[in-house]
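Shown next, in structure tokens, is the structure this report addresses.
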Amino acid sequence: MTSTTSASLRESFLDAAAVLLPVRCAGCGDPDRSLCPPCRRELSPCITAERVGSVPVWAALEYSGVPRRVLLAVKEQGRVDAVPALARALRVAVEEAQRAARRDGRRADALLPVLIPTTRAAWRQRGFHPSAMMLARARILVPPLWHALRLTRQTRDQVGLTAESRSQNRSGSLVASARLRGRRCLIVDDIVTSGATIAEAARAIGAVGGEVTGAVAVARTPRRGRPELCGEPQIPPSQ
Ligand SMILES: [Zn+2]
């Protein structure tokens with residue numbers, strides 16, 4: 001057994017399962033690695049900030065190439081062995097949101113992570129909630145309120161929908177627990193595309209008197225004509 005393998009074994013049970021079973025890199029398909037070193041490097045976070053309406057959104061990765069393949073492997077092939085690498089990226093996005101909250105003079109520890117719920121069909125297919133697993137893996141406390149958002153109806157998968165149909169598909173699809181009243185919420189999702197889901201979550205939280213301080217995502221779809229700058233992400237002004 002190589003030292004790399006024993007390090008993985010120590011790191012987590014999930015990684016251990018991956019190295020004991022025949023596995024291919026979730027990013028490029030190379031044999032015998034859960035994630036090869038070059039693909040791991042492609043999962044180094046490059047935090048970008050944008051706004052969906054008035055909600056600042058921090059995303060850790062661009063949803064293309066290796067990050068896209070790894071996220072799809074987790075979500076569609078149940079490759080939970082690749083979750084820790086994505087969790088590290090998500091954690092950096094959460095830290096950036098907390099930093100921004102501190103700059104606003106607010107207590108960062110008061111941010112309550114609020115997860116976007118999955119559809120029943122997705123839950124049946126996967127048996128786990130990808131963002132919940134990533135948050136847990138990133139050791140970000142998810143209190144029992146993580147069921148704070150519920151679907152009012154089973155929405156269609158957003159994949160392949162235009163921005164307009166995404167918005168219609170999501171509109172009015174979420175309801176928030178009354179327990180969010182007065183809480184400062186940080187919306188957590190895996191992939192941001194048009195922002196329709198985040199806008200709907202923010203509406204639902206606002207409707208019960210909760211405050212949305214921002215949203216974080218593991219990845220966001222590439223934005224045309226926008227230069228990618230890593231480092232200190234600047235939140236664009238509210239429209
Ligand atoms: Zn690879």
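The chains in the structure tokens are called A, B, ... from first to last as shown; in each chain the residues are counted from 1, and the ligands are counted from 1 in the order shown.
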Tell me which protein, DNA and RNA residues are within 9 Å of Gln234 of chain A, counting only C-alpha atoms, leaving out same-chain ones fewer than 3 positions away, and put them as a count of residues only.
-> 3
Collect all residues with atoms no farther than 7 Å from ligand 1, counting only C-alpha atoms and all ligand atoms, and output them as a count of residues only.
-> 11
Which of these residues is nearest to Ala100 of chain A, using only C-alpha atoms: A:Val57, A:Ser34, A:Gly195, A:Leu72?
-> A:Val57
Apply DSSP to the backbone of this structure and, from segment 11-228 of chain A, keep only the residues in alpha helix (DSSP H); write these as an mmCIF file with N, CA and C atoms, in the first residue's frame.
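Just written: selection_17.cif:
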data_model
loop_
_atom_site.group_PDB
_atom_site.id
_atom_site.type_symbol
_atom_site.label_atom_id
_atom_site.label_comp_id
_atom_site.auth_asym_id
_atom_site.auth_seq_id
_atom_site.Cartn_x
_atom_site.Cartn_y
_atom_site.Cartn_z
ATOM 1 N N GLU A 11 -7.751 9.748 6.241
ATOM 2 C CA GLU A 11 -8.552 10.965 6.098
ATOM 3 C C GLU A 11 -10.034 10.722 6.320
ATOM 4 N N PHE A 13 -13.566 7.734 6.093
ATOM 5 C CA PHE A 13 -14.150 6.463 5.729
ATOM 6 C C PHE A 13 -14.552 6.460 4.258
ATOM 7 N N LEU A 14 -15.081 7.588 3.783
ATOM 8 C CA LEU A 14 -15.523 7.675 2.388
ATOM 9 C C LEU A 14 -14.361 7.463 1.444
ATOM 10 N N ASP A 15 -13.240 8.154 1.730
ATOM 11 C CA ASP A 15 -12.066 7.983 0.888
ATOM 12 C C ASP A 15 -11.582 6.544 0.965
ATOM 13 N N ALA A 16 -11.677 5.979 2.161
ATOM 14 C CA ALA A 16 -11.230 4.603 2.337
ATOM 15 C C ALA A 16 -12.029 3.675 1.439
ATOM 16 N N ALA A 17 -13.343 3.873 1.419
ATOM 17 C CA ALA A 17 -14.199 3.032 0.581
ATOM 18 C C ALA A 17 -13.776 3.162 -0.880
ATOM 19 N N ALA A 18 -13.406 4.386 -1.267
ATOM 20 C CA ALA A 18 -13.056 4.619 -2.662
ATOM 21 C C ALA A 18 -11.770 3.897 -3.063
ATOM 22 N N VAL A 19 -10.788 3.849 -2.163
ATOM 23 C CA VAL A 19 -9.534 3.214 -2.560
ATOM 24 C C VAL A 19 -9.591 1.699 -2.432
ATOM 25 N N LEU A 20 -10.544 1.191 -1.663
ATOM 26 C CA LEU A 20 -10.655 -0.253 -1.524
ATOM 27 C C LEU A 20 -11.464 -0.869 -2.662
ATOM 28 N N PRO A 37 -4.181 13.950 -8.785
ATOM 29 C CA PRO A 37 -3.655 15.271 -8.356
ATOM 30 C C PRO A 37 -3.993 16.420 -9.306
ATOM 31 N N PRO A 38 -3.868 16.252 -10.637
ATOM 32 C CA PRO A 38 -4.238 17.398 -11.498
ATOM 33 C C PRO A 38 -5.701 17.799 -11.344
ATOM 34 N N CYS A 39 -6.606 16.819 -11.219
ATOM 35 C CA CYS A 39 -8.031 17.156 -11.052
ATOM 36 C C CYS A 39 -8.265 17.818 -9.700
ATOM 37 N N ARG A 40 -7.566 17.338 -8.673
ATOM 38 C CA ARG A 40 -7.665 17.962 -7.350
ATOM 39 C C ARG A 40 -7.299 19.446 -7.442
ATOM 40 N N ARG A 41 -6.230 19.726 -8.204
ATOM 41 C CA ARG A 41 -5.815 21.135 -8.349
ATOM 42 C C ARG A 41 -6.901 21.960 -9.031
ATOM 43 N N GLU A 42 -7.602 21.330 -9.994
ATOM 44 C CA GLU A 42 -8.684 22.040 -10.700
ATOM 45 C C GLU A 42 -9.839 22.373 -9.751
ATOM 46 N N GLY A 65 -15.598 21.935 -17.182
ATOM 47 C CA GLY A 65 -14.421 21.077 -17.094
ATOM 48 C C GLY A 65 -14.466 20.123 -15.910
ATOM 49 N N VAL A 66 -13.347 20.045 -15.183
ATOM 50 C CA VAL A 66 -13.225 19.088 -14.081
ATOM 51 C C VAL A 66 -14.270 19.328 -12.975
ATOM 52 N N PRO A 67 -14.448 20.586 -12.487
ATOM 53 C CA PRO A 67 -15.448 20.771 -11.426
ATOM 54 C C PRO A 67 -16.841 20.286 -11.847
ATOM 55 N N ARG A 68 -17.207 20.530 -13.109
ATOM 56 C CA ARG A 68 -18.519 20.093 -13.591
ATOM 57 C C ARG A 68 -18.601 18.560 -13.588
ATOM 58 N N ARG A 69 -17.559 17.915 -14.092
ATOM 59 C CA ARG A 69 -17.586 16.446 -14.145
ATOM 60 C C ARG A 69 -17.632 15.841 -12.746
ATOM 61 N N VAL A 70 -16.894 16.461 -11.812
ATOM 62 C CA VAL A 70 -16.867 15.908 -10.451
ATOM 63 C C VAL A 70 -18.225 16.116 -9.771
ATOM 64 N N LEU A 71 -18.814 17.309 -9.945
ATOM 65 C CA LEU A 71 -20.140 17.550 -9.349
ATOM 66 C C LEU A 71 -21.176 16.577 -9.930
ATOM 67 N N LEU A 72 -21.114 16.358 -11.244
ATOM 68 C CA LEU A 72 -22.054 15.427 -11.867
ATOM 69 C C LEU A 72 -21.816 14.001 -11.365
ATOM 70 N N ALA A 73 -20.548 13.648 -11.164
ATOM 71 C CA ALA A 73 -20.234 12.304 -10.661
ATOM 72 C C ALA A 73 -20.833 12.103 -9.272
ATOM 73 N N VAL A 74 -20.763 13.165 -8.441
ATOM 74 C CA VAL A 74 -21.348 13.073 -7.095
ATOM 75 C C VAL A 74 -22.865 12.965 -7.200
ATOM 76 N N LYS A 75 -23.457 13.843 -8.007
ATOM 77 C CA LYS A 75 -24.915 13.946 -8.019
ATOM 78 C C LYS A 75 -25.575 12.816 -8.802
ATOM 79 N N GLU A 76 -24.937 12.374 -9.869
ATOM 80 C CA GLU A 76 -25.613 11.397 -10.723
ATOM 81 C C GLU A 76 -25.069 9.984 -10.601
ATOM 82 N N GLN A 77 -23.827 9.859 -10.142
ATOM 83 C CA GLN A 77 -23.287 8.502 -10.005
ATOM 84 C C GLN A 77 -23.003 8.150 -8.550
ATOM 85 N N VAL A 83 -16.755 13.962 -2.547
ATOM 86 C CA VAL A 83 -17.374 15.046 -1.777
ATOM 87 C C VAL A 83 -16.352 15.882 -0.988
ATOM 88 N N PRO A 84 -15.346 15.254 -0.319
ATOM 89 C CA PRO A 84 -14.442 16.079 0.494
ATOM 90 C C PRO A 84 -13.766 17.207 -0.289
ATOM 91 N N ALA A 85 -13.360 16.952 -1.529
ATOM 92 C CA ALA A 85 -12.680 17.990 -2.316
ATOM 93 C C ALA A 85 -13.635 19.139 -2.615
ATOM 94 N N LEU A 86 -14.902 18.818 -2.909
ATOM 95 C CA LEU A 86 -15.889 19.875 -3.165
ATOM 96 C C LEU A 86 -16.221 20.612 -1.868
ATOM 97 N N ALA A 87 -16.232 19.862 -0.762
ATOM 98 C CA ALA A 87 -16.547 20.459 0.541
ATOM 99 C C ALA A 87 -15.506 21.514 0.908
ATOM 100 N N ARG A 88 -14.239 21.236 0.580
ATOM 101 C CA ARG A 88 -13.187 22.216 0.876
ATOM 102 C C ARG A 88 -13.456 23.513 0.109
ATOM 103 N N ALA A 89 -13.862 23.380 -1.165
ATOM 104 C CA ALA A 89 -14.150 24.567 -1.977
ATOM 105 C C ALA A 89 -15.349 25.324 -1.413
ATOM 106 N N LEU A 90 -16.404 24.588 -1.036
ATOM 107 C CA LEU A 90 -17.601 25.227 -0.482
ATOM 108 C C LEU A 90 -17.267 25.970 0.809
ATOM 109 N N ARG A 91 -16.403 25.349 1.603
ATOM 110 C CA ARG A 91 -16.039 25.972 2.882
ATOM 111 C C ARG A 91 -15.402 27.356 2.664
ATOM 112 N N VAL A 92 -14.564 27.468 1.639
ATOM 113 C CA VAL A 92 -13.920 28.757 1.352
ATOM 114 C C VAL A 92 -14.978 29.799 0.961
ATOM 115 N N ALA A 93 -15.991 29.377 0.209
ATOM 116 C CA ALA A 93 -17.070 30.305 -0.172
ATOM 117 C C ALA A 93 -17.847 30.755 1.072
ATOM 118 N N VAL A 94 -18.101 29.823 1.995
ATOM 119 C CA VAL A 94 -18.811 30.161 3.234
ATOM 120 C C VAL A 94 -17.971 31.144 4.053
ATOM 121 N N GLU A 95 -16.651 30.891 4.100
ATOM 122 C CA GLU A 95 -15.778 31.794 4.864
ATOM 123 C C GLU A 95 -15.807 33.205 4.264
ATOM 124 N N GLU A 96 -15.877 33.282 2.938
ATOM 125 C CA GLU A 96 -15.931 34.588 2.279
ATOM 126 C C GLU A 96 -17.238 35.301 2.652
ATOM 127 N N ALA A 97 -18.343 34.560 2.682
ATOM 128 C CA ALA A 97 -19.633 35.147 3.077
ATOM 129 C C ALA A 97 -19.579 35.635 4.526
ATOM 130 N N GLN A 98 -18.901 34.850 5.386
ATOM 131 C CA GLN A 98 -18.786 35.254 6.798
ATOM 132 C C GLN A 98 -17.938 36.512 6.939
ATOM 133 N N ARG A 99 -16.860 36.573 6.120
ATOM 134 C CA ARG A 99 -16.011 37.769 6.145
ATOM 135 C C ARG A 99 -16.826 38.996 5.747
ATOM 136 N N ALA A 100 -17.640 38.857 4.701
ATOM 137 C CA ALA A 100 -18.460 39.976 4.230
ATOM 138 C C ALA A 100 -19.453 40.389 5.318
ATOM 139 N N ALA A 101 -20.007 39.399 6.039
ATOM 140 C CA ALA A 101 -20.945 39.710 7.115
ATOM 141 C C ALA A 101 -20.238 40.467 8.231
ATOM 142 N N ARG A 102 -18.978 40.079 8.503
ATOM 143 C CA ARG A 102 -18.208 40.793 9.536
ATOM 144 C C ARG A 102 -17.925 42.219 9.094
ATOM 145 N N ARG A 103 -17.618 42.381 7.783
ATOM 146 C CA ARG A 103 -17.356 43.743 7.277
ATOM 147 C C ARG A 103 -18.600 44.608 7.449
ATOM 148 N N ARG A 120 -38.214 14.949 -4.309
ATOM 149 C CA ARG A 120 -38.346 13.561 -3.843
ATOM 150 C C ARG A 120 -37.651 12.607 -4.811
ATOM 151 N N ALA A 121 -37.800 12.905 -6.126
ATOM 152 C CA ALA A 121 -37.204 12.024 -7.138
ATOM 153 C C ALA A 121 -35.683 11.984 -6.980
ATOM 154 N N ALA A 122 -35.083 13.175 -6.754
ATOM 155 C CA ALA A 122 -33.625 13.233 -6.607
ATOM 156 C C ALA A 122 -33.189 12.509 -5.341
ATOM 157 N N TRP A 123 -33.986 12.660 -4.274
ATOM 158 C CA TRP A 123 -33.649 11.997 -3.007
ATOM 159 C C TRP A 123 -33.706 10.483 -3.164
ATOM 160 N N ARG A 124 -34.766 10.022 -3.864
ATOM 161 C CA ARG A 124 -34.909 8.574 -4.079
ATOM 162 C C ARG A 124 -33.731 8.037 -4.879
ATOM 163 N N GLN A 125 -33.340 8.810 -5.884
ATOM 164 C CA GLN A 125 -32.264 8.359 -6.761
ATOM 165 C C GLN A 125 -30.914 8.326 -6.038
ATOM 166 N N ARG A 126 -30.648 9.361 -5.188
ATOM 167 C CA ARG A 126 -29.314 9.474 -4.575
ATOM 168 C C ARG A 126 -29.241 8.908 -3.173
ATOM 169 N N PRO A 130 -26.658 16.356 -1.627
ATOM 170 C CA PRO A 130 -25.269 16.729 -1.904
ATOM 171 C C PRO A 130 -24.766 17.917 -1.078
ATOM 172 N N SER A 131 -25.540 19.025 -1.003
ATOM 173 C CA SER A 131 -25.026 20.187 -0.260
ATOM 174 C C SER A 131 -24.935 19.885 1.228
ATOM 175 N N ALA A 132 -25.893 19.111 1.756
ATOM 176 C CA ALA A 132 -25.853 18.776 3.187
ATOM 177 C C ALA A 132 -24.609 17.949 3.480
ATOM 178 N N MET A 133 -24.300 17.010 2.579
ATOM 179 C CA MET A 133 -23.126 16.176 2.786
ATOM 180 C C MET A 133 -21.850 17.024 2.717
ATOM 181 N N MET A 134 -21.819 17.980 1.775
ATOM 182 C CA MET A 134 -20.626 18.835 1.646
ATOM 183 C C MET A 134 -20.454 19.717 2.874
ATOM 184 N N LEU A 135 -21.568 20.285 3.376
ATOM 185 C CA LEU A 135 -21.483 21.136 4.569
ATOM 186 C C LEU A 135 -20.997 20.325 5.763
ATOM 187 N N ALA A 136 -21.528 19.116 5.901
ATOM 188 C CA ALA A 136 -21.128 18.269 7.023
ATOM 189 C C ALA A 136 -19.649 17.951 6.910
ATOM 190 N N ARG A 137 -19.223 17.633 5.698
ATOM 191 C CA ARG A 137 -17.833 17.284 5.449
ATOM 192 C C ARG A 137 -16.924 18.498 5.688
ATOM 193 N N ALA A 163 -33.432 30.429 -19.012
ATOM 194 C CA ALA A 163 -33.487 31.245 -17.794
ATOM 195 C C ALA A 163 -34.937 31.559 -17.434
ATOM 196 N N GLU A 164 -35.748 31.855 -18.458
ATOM 197 C CA GLU A 164 -37.144 32.214 -18.199
ATOM 198 C C GLU A 164 -37.927 31.017 -17.643
ATOM 199 N N SER A 165 -37.728 29.827 -18.261
ATOM 200 C CA SER A 165 -38.459 28.669 -17.745
ATOM 201 C C SER A 165 -37.951 28.238 -16.381
ATOM 202 N N ARG A 166 -36.665 28.474 -16.104
ATOM 203 C CA ARG A 166 -36.142 28.177 -14.764
ATOM 204 C C ARG A 166 -36.879 29.012 -13.729
ATOM 205 N N SER A 167 -37.052 30.285 -14.054
ATOM 206 C CA SER A 167 -37.706 31.185 -13.139
ATOM 207 C C SER A 167 -39.166 30.759 -12.917
ATOM 208 N N GLN A 168 -39.866 30.389 -14.008
ATOM 209 C CA GLN A 168 -41.266 29.937 -13.870
ATOM 210 C C GLN A 168 -41.340 28.628 -13.101
ATOM 211 N N ASN A 169 -40.378 27.741 -13.378
ATOM 212 C CA ASN A 169 -40.332 26.433 -12.724
ATOM 213 C C ASN A 169 -40.164 26.593 -11.217
ATOM 214 N N ARG A 170 -39.382 27.589 -10.797
ATOM 215 C CA ARG A 170 -39.076 27.780 -9.380
ATOM 216 C C ARG A 170 -40.083 28.684 -8.667
ATOM 217 N N ALA A 196 -32.339 31.610 -10.350
ATOM 218 C CA ALA A 196 -33.781 31.520 -10.088
ATOM 219 C C ALA A 196 -34.066 30.831 -8.749
ATOM 220 N N THR A 197 -33.298 29.791 -8.432
ATOM 221 C CA THR A 197 -33.535 29.051 -7.182
ATOM 222 C C THR A 197 -33.189 29.929 -5.984
ATOM 223 N N ILE A 198 -32.068 30.657 -6.079
ATOM 224 C CA ILE A 198 -31.669 31.523 -4.967
ATOM 225 C C ILE A 198 -32.687 32.645 -4.782
ATOM 226 N N ALA A 199 -33.163 33.216 -5.895
ATOM 227 C CA ALA A 199 -34.166 34.282 -5.801
ATOM 228 C C ALA A 199 -35.434 33.745 -5.123
ATOM 229 N N GLU A 200 -35.832 32.534 -5.466
ATOM 230 C CA GLU A 200 -37.033 31.941 -4.879
ATOM 231 C C GLU A 200 -36.810 31.641 -3.388
ATOM 232 N N ALA A 201 -35.629 31.142 -3.046
ATOM 233 C CA ALA A 201 -35.330 30.865 -1.633
ATOM 234 C C ALA A 201 -35.338 32.167 -0.831
ATOM 235 N N ALA A 202 -34.753 33.225 -1.403
ATOM 236 C CA ALA A 202 -34.704 34.517 -0.710
ATOM 237 C C ALA A 202 -36.121 35.059 -0.516
ATOM 238 N N ARG A 203 -36.967 34.880 -1.525
ATOM 239 C CA ARG A 203 -38.365 35.332 -1.411
ATOM 240 C C ARG A 203 -39.068 34.587 -0.266
ATOM 241 N N ALA A 204 -38.885 33.258 -0.248
ATOM 242 C CA ALA A 204 -39.568 32.436 0.756
ATOM 243 C C ALA A 204 -39.091 32.783 2.171
ATOM 244 N N ILE A 205 -37.779 33.002 2.333
ATOM 245 C CA ILE A 205 -37.237 33.338 3.661
ATOM 246 C C ILE A 205 -37.751 34.719 4.084
ATOM 247 N N GLY A 206 -37.723 35.672 3.134
ATOM 248 C CA GLY A 206 -38.218 37.014 3.422
ATOM 249 C C GLY A 206 -39.696 36.998 3.804
ATOM 250 N N ALA A 207 -40.470 36.102 3.202
ATOM 251 C CA ALA A 207 -41.914 36.045 3.446
ATOM 252 C C ALA A 207 -42.250 35.665 4.888
#
Contact residues around Ala215 of chain A with only C-alpha atoms at 6 Å, ignoring same-chain residues under 3 positions, as a compact mmCIF listing (two decimals) with N, CA, C and O atoms, in the first residue's frame:
# COMPACT_ATOMS: atom_id res chain seq x y z
N VAL A 57 -23.96 36.57 -3.95
CA VAL A 57 -23.75 35.12 -4.11
C VAL A 57 -22.26 34.86 -4.31
O VAL A 57 -21.66 35.40 -5.22
N LEU A 186 -27.97 32.20 5.45
CA LEU A 186 -27.04 32.08 4.33
C LEU A 186 -27.53 30.89 3.48
O LEU A 186 -27.50 29.74 3.94
N ILE A 187 -28.02 31.19 2.30
CA ILE A 187 -28.57 30.14 1.43
C ILE A 187 -27.40 29.32 0.87
O ILE A 187 -26.39 29.87 0.46
N VAL A 188 -27.55 28.00 0.88
CA VAL A 188 -26.48 27.12 0.39
C VAL A 188 -27.03 26.23 -0.73
O VAL A 188 -28.03 25.54 -0.54
So how far away is atom CA of Leu43 of chain A from atom CA of Leu111 of chain A, in Å?
-> 25.3 Å
Residue list (strand (DSSP E), DSSP) for segment 45-202 of chain A, as a count of residues only = 33
Quick one: distance from atom CA of Asp81 of chain A to atom CA of Ala148 of chain A in Å, one decimal?
-> 27.2 Å
Show which residues sit within 7 Å of Pro117 of chain A, as a list in words. Count only C-alpha atoms, and ignore same-chain residues fewer than 4 positions away.
->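 Those residues are Leu149, Arg150 and Leu151 of chain A.
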Now that the selection is made, can you save its residues with all heavy atoms as a CSV table (one decimal), in the first residue's frame?
chain,number,residue,atom,x,y,z
A,149,LEU,N,-36.3,25.1,4.5
A,149,LEU,CA,-37.0,25.3,3.3
A,149,LEU,C,-37.7,24.0,2.8
A,149,LEU,O,-37.0,23.0,2.9
A,149,LEU,CB,-36.1,25.9,2.2
A,149,LEU,CG,-35.6,27.3,2.3
A,149,LEU,CD1,-34.6,27.6,1.2
A,149,LEU,CD2,-36.8,28.3,2.2
A,150,ARG,N,-38.9,24.1,2.3
A,150,ARG,CA,-39.6,22.9,1.8
A,150,ARG,C,-40.1,23.3,0.4
A,150,ARG,O,-40.4,24.4,0.1
A,150,ARG,CB,-40.8,22.6,2.7
A,150,ARG,CG,-40.5,21.7,3.9
A,150,ARG,CD,-41.8,21.2,4.5
A,150,ARG,NE,-42.7,22.3,4.9
A,150,ARG,CZ,-43.9,22.6,4.2
A,150,ARG,NH1,-44.3,21.8,3.2
A,150,ARG,NH2,-44.6,23.6,4.6
A,151,LEU,N,-40.2,22.2,-0.4
A,151,LEU,CA,-40.8,22.4,-1.7
A,151,LEU,C,-42.3,22.4,-1.6
A,151,LEU,O,-42.8,21.5,-0.9
A,151,LEU,CB,-40.3,21.3,-2.7
A,151,LEU,CG,-38.9,21.3,-3.2
A,151,LEU,CD1,-38.5,20.0,-3.8
A,151,LEU,CD2,-38.7,22.4,-4.2
Exercise: Ala60 of chain A partners within 6 Å, only C-alpha atoms, chain neighbours under 6 positions left out, as a VMD selection string = chain A and resid 45 to 47 89 93 218 to 219
Grab the atom CA of Ala138 of chain A to atom CA of Cys185 of chain A distance for me, in Å with one decimal place.
->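 Going from atom CA of Ala138 of chain A over to atom CA of Cys185 of chain A, I get 18.0 Å.
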